[in-house]
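*Asks:* Structure file start22.csv (CSV, N, CA and C atoms) right here:
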```csv
chain,number,residue,atom,x,y,z
A,79,MET,N,-105.7,75.6,74.3
A,79,MET,CA,-104.3,75.6,73.8
A,79,MET,C,-103.5,76.6,74.7
A,80,PRO,N,-102.5,76.1,75.4
A,80,PRO,CA,-101.7,76.9,76.3
A,80,PRO,C,-100.8,77.9,75.5
A,81,ILE,N,-100.6,79.1,76.1
A,81,ILE,CA,-99.7,80.0,75.4
A,81,ILE,C,-98.3,79.6,75.7
A,82,ARG,N,-97.5,79.6,74.6
A,82,ARG,CA,-96.0,79.2,74.8
A,82,ARG,C,-95.2,80.5,75.1
A,83,LYS,N,-94.5,80.5,76.2
A,83,LYS,CA,-93.8,81.7,76.6
A,83,LYS,C,-92.6,82.0,75.6
A,84,ASN,N,-92.5,83.3,75.2
A,84,ASN,CA,-91.4,83.6,74.3
A,84,ASN,C,-90.6,84.9,74.8
A,85,VAL,N,-90.8,85.2,76.0
A,85,VAL,CA,-90.1,86.4,76.6
A,85,VAL,C,-89.2,85.8,77.7
A,86,GLY,N,-87.9,86.1,77.6
A,86,GLY,CA,-86.9,85.6,78.6
A,86,GLY,C,-86.9,86.5,79.8
A,87,ARG,N,-86.0,86.0,80.8
A,87,ARG,CA,-86.0,86.7,82.1
A,87,ARG,C,-85.6,88.1,82.0
A,88,ARG,N,-84.5,88.4,81.4
A,88,ARG,CA,-84.0,89.8,81.3
A,88,ARG,C,-85.0,90.7,80.5
A,89,GLU,N,-85.5,90.2,79.4
A,89,GLU,CA,-86.4,91.0,78.7
A,89,GLU,C,-87.7,91.2,79.5
A,90,ARG,N,-88.1,90.2,80.3
A,90,ARG,CA,-89.3,90.4,81.1
A,90,ARG,C,-89.1,91.5,82.1
A,91,ILE,N,-87.9,91.6,82.7
A,91,ILE,CA,-87.7,92.7,83.7
A,91,ILE,C,-87.7,94.0,83.0
A,92,VAL,N,-87.0,94.1,81.9
A,92,VAL,CA,-87.0,95.3,81.1
A,92,VAL,C,-88.4,95.8,80.7
A,93,ARG,N,-89.2,94.9,80.2
A,93,ARG,CA,-90.6,95.2,79.8
A,93,ARG,C,-91.4,95.7,81.0
A,94,ILE,N,-91.3,95.1,82.1
A,94,ILE,CA,-92.1,95.5,83.3
A,94,ILE,C,-91.6,96.9,83.8
A,95,VAL,N,-90.3,97.1,83.9
A,95,VAL,CA,-89.8,98.4,84.3
A,95,VAL,C,-90.2,99.5,83.3
A,96,ALA,N,-89.9,99.2,82.0
A,96,ALA,CA,-90.2,100.2,80.9
A,96,ALA,C,-91.7,100.5,80.9
A,97,GLY,N,-92.6,99.5,81.1
A,97,GLY,CA,-94.0,99.7,81.1
A,97,GLY,C,-94.4,100.6,82.3
A,98,MET,N,-93.8,100.4,83.4
A,98,MET,CA,-94.1,101.3,84.6
A,98,MET,C,-93.7,102.7,84.3
A,99,ILE,N,-92.5,102.9,83.7
A,99,ILE,CA,-92.0,104.2,83.4
A,99,ILE,C,-92.9,104.9,82.4
A,100,MET,N,-93.3,104.2,81.4
A,100,MET,CA,-94.2,104.8,80.4
A,100,MET,C,-95.6,105.2,81.0
A,101,MET,N,-96.1,104.3,81.8
A,101,MET,CA,-97.4,104.7,82.5
A,101,MET,C,-97.2,105.9,83.3
A,102,LEU,N,-96.2,106.0,84.1
A,102,LEU,CA,-95.9,107.1,85.0
A,102,LEU,C,-95.8,108.4,84.1
A,103,CYS,N,-95.0,108.3,83.1
A,103,CYS,CA,-94.8,109.5,82.2
A,103,CYS,C,-96.1,109.9,81.5
A,104,GLY,N,-96.9,109.0,81.1
A,104,GLY,CA,-98.1,109.3,80.5
A,104,GLY,C,-99.1,109.9,81.4
A,105,ILE,N,-99.2,109.5,82.6
A,105,ILE,CA,-100.2,110.0,83.5
A,105,ILE,C,-99.7,111.2,84.2
A,106,VAL,N,-98.5,111.2,84.7
A,106,VAL,CA,-98.0,112.4,85.5
A,106,VAL,C,-97.3,113.4,84.6
A,107,GLY,N,-96.4,112.9,83.7
A,107,GLY,CA,-95.6,113.9,82.9
A,107,GLY,C,-96.5,114.6,81.8
A,108,LEU,N,-97.3,113.8,81.2
A,108,LEU,CA,-98.2,114.5,80.2
A,108,LEU,C,-99.6,114.8,80.7
A,109,GLN,N,-99.7,114.8,82.0
A,109,GLN,CA,-100.9,115.3,82.7
A,109,GLN,C,-102.2,114.6,82.2
A,110,ALA,N,-102.1,113.4,81.8
A,110,ALA,CA,-103.3,112.6,81.4
A,110,ALA,C,-104.1,113.2,80.3
A,111,MET,N,-103.3,113.9,79.4
A,111,MET,CA,-103.9,114.4,78.2
A,111,MET,C,-104.1,113.3,77.2
A,112,PRO,N,-104.8,113.4,76.1
A,112,PRO,CA,-105.0,112.3,75.2
A,112,PRO,C,-103.7,111.6,74.8
A,113,LEU,N,-102.7,112.3,74.5
A,113,LEU,CA,-101.4,111.7,74.2
A,113,LEU,C,-100.8,110.9,75.5
A,114,GLY,N,-101.0,111.5,76.6
A,114,GLY,CA,-100.6,110.9,77.9
A,114,GLY,C,-101.3,109.6,78.1
A,115,ILE,N,-102.6,109.6,77.9
A,115,ILE,CA,-103.4,108.3,78.1
A,115,ILE,C,-102.9,107.3,77.1
A,116,PHE,N,-102.6,107.7,75.8
A,116,PHE,CA,-102.1,106.7,74.8
A,116,PHE,C,-100.8,106.1,75.3
A,117,VAL,N,-99.9,107.0,75.8
A,117,VAL,CA,-98.6,106.5,76.2
A,117,VAL,C,-98.7,105.6,77.4
A,118,ALA,N,-99.6,105.9,78.3
A,118,ALA,CA,-99.9,105.0,79.5
A,118,ALA,C,-100.5,103.7,79.1
A,119,ALA,N,-101.4,103.7,78.1
A,119,ALA,CA,-102.0,102.5,77.6
A,119,ALA,C,-100.9,101.6,76.9
A,120,VAL,N,-100.0,102.2,76.1
A,120,VAL,CA,-98.9,101.4,75.5
A,120,VAL,C,-98.0,100.8,76.6
A,121,GLY,N,-97.7,101.6,77.6
A,121,GLY,CA,-96.9,101.2,78.7
A,121,GLY,C,-97.6,100.0,79.5
A,122,GLY,N,-98.9,100.1,79.6
A,122,GLY,CA,-99.7,99.0,80.2
A,122,GLY,C,-99.6,97.7,79.5
A,123,VAL,N,-99.7,97.8,78.1
A,123,VAL,CA,-99.5,96.6,77.3
A,123,VAL,C,-98.1,96.0,77.4
A,124,THR,N,-97.1,96.9,77.4
A,124,THR,CA,-95.7,96.5,77.5
A,124,THR,C,-95.5,95.8,78.8
A,125,MET,N,-96.0,96.3,79.9
A,125,MET,CA,-95.9,95.7,81.2
A,125,MET,C,-96.6,94.4,81.2
A,126,LEU,N,-97.8,94.3,80.6
A,126,LEU,CA,-98.5,93.0,80.6
A,126,LEU,C,-97.8,91.9,79.9
A,127,THR,N,-97.2,92.3,78.7
A,127,THR,CA,-96.4,91.2,78.0
A,127,THR,C,-95.2,90.7,78.8
A,128,GLY,N,-94.7,91.6,79.7
A,128,GLY,CA,-93.6,91.1,80.6
A,128,GLY,C,-94.1,90.2,81.7
A,129,ILE,N,-95.3,90.6,82.2
A,129,ILE,CA,-95.9,89.8,83.3
A,129,ILE,C,-96.3,88.4,82.9
A,130,ILE,N,-96.9,88.3,81.7
A,130,ILE,CA,-97.4,87.0,81.2
A,130,ILE,C,-96.4,86.2,80.4
A,131,ARG,N,-95.2,86.9,80.1
A,131,ARG,CA,-94.1,86.3,79.4
A,131,ARG,C,-94.5,85.9,78.0
A,132,TYR,N,-95.4,86.6,77.4
A,132,TYR,CA,-95.8,86.2,76.0
A,132,TYR,C,-96.0,87.5,75.2
A,133,CYS,N,-95.4,87.6,74.0
A,133,CYS,CA,-95.6,88.8,73.2
A,133,CYS,C,-96.1,88.3,71.8
A,134,PRO,N,-97.3,88.7,71.5
A,134,PRO,CA,-97.9,88.3,70.2
A,134,PRO,C,-97.1,88.8,69.0
A,135,ALA,N,-96.5,90.0,69.1
A,135,ALA,CA,-95.7,90.5,67.9
A,135,ALA,C,-94.5,89.7,67.8
A,136,CYS,N,-93.8,89.3,68.9
A,136,CYS,CA,-92.6,88.5,68.8
A,136,CYS,C,-93.0,87.1,68.2
A,137,ALA,N,-94.1,86.6,68.6
A,137,ALA,CA,-94.6,85.3,68.1
A,137,ALA,C,-94.8,85.3,66.6
A,138,ILE,N,-95.3,86.4,66.1
A,138,ILE,CA,-95.5,86.5,64.6
A,138,ILE,C,-94.2,86.6,63.9
A,139,GLY,N,-93.3,87.3,64.5
A,139,GLY,CA,-91.9,87.5,63.9
A,139,GLY,C,-91.0,86.4,64.1
A,140,GLY,N,-91.4,85.4,65.0
A,140,GLY,CA,-90.5,84.3,65.3
A,140,GLY,C,-89.4,84.5,66.3
A,141,LYS,N,-89.5,85.7,67.0
A,141,LYS,CA,-88.4,86.0,68.0
A,141,LYS,C,-88.8,85.3,69.3
A,142,GLN,N,-87.8,84.7,69.9
A,142,GLN,CA,-87.9,84.0,71.2
A,142,GLN,C,-86.7,84.2,72.0
A,143,THR,N,-86.8,84.9,73.1
A,143,THR,CA,-85.7,85.0,74.0
A,143,THR,C,-85.7,84.1,75.2
A,144,CYS,N,-86.8,83.3,75.3
A,144,CYS,CA,-87.0,82.4,76.4
A,144,CYS,C,-86.2,81.1,76.1
A,145,ASP,N,-85.6,80.5,77.2
A,145,ASP,CA,-84.8,79.3,77.0
A,145,ASP,C,-85.7,78.1,76.7
A,146,SER,N,-86.9,78.0,77.2
A,146,SER,CA,-87.7,76.8,77.0
A,146,SER,C,-88.5,76.9,75.8
```
Could you show the structure in this file as structure tokens?

*Replies:*
Amino acid sequence: MPIRKNVGRRERIVRIVAGMIMMLCGIVGLQAMPLGIFVAAVGGVTMLTGIIRYCPACAIGGKQTCDS
């Protein structure tokens, strides 16, 4: 069963940029302490949802910003 895309173009760009910033802040800003690693991991998941254009939480909630 193929995954149906539910993240639109603008939201995709925002998720990728925000994920990169969160990863950078978690690793560099928080010096890779446990909280920093957690922030970096959340940023990685955020960036991944932007790259694959699918968000499971949005699918459960019924939110779809994609045109198709």

*Asks:* Need the shell around Ile91 (chain A): protein/DNA/RNA residues with any atom at most 8 Å away, counting only N, CA and C atoms. Skip same-chain ones fewer than 6 positions apart. Format as a list in words?

*Replies:*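 Surrounding residues, per the criterion: Val85, Gly97, Gly128 and Ile129 of chain A.
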
*Asks:* To one decimal place, how far is atom C of Pro80 (chain A) from atom C of Val95 (chain A) in Å?

*Replies:*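 Atom-to-atom, atom C of Pro80 (chain A) to atom C of Val95 (chain A), that is 25.3 Å.
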
*Asks:* With only C-alpha atoms as the counted atoms, please give the residues lying no more than 12 Å from Asp145 (chain A), apart from itself and same-chain residues fewer than 2 positions off, as a ChimeraX atom specification.

*Replies:* /A:82-89,131,141-143

*Asks:* Work out how far atom C of Met98 (chain A) is from atom C of Leu113 (chain A), in Å to one decimal.

*Replies:*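 Pair atom C of Leu113 (chain A) / atom C of Met98 (chain A) returns 14.0 Å.
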
*Asks:* As a PyMOL selection string, please: all residues of chain A that backbone DSSP puts in helix (DSSP H, G or I).

*Replies:* chain A and resi 87-107+112-130+134-139

*Asks:* Between atom N of Thr127 (chain A) and CA of Leu108 (chain A), what is the distance in Å, rounded to a tenth?

*Replies:*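 Pair atom N of Thr127 (chain A) / CA of Leu108 (chain A) returns 22.3 Å.
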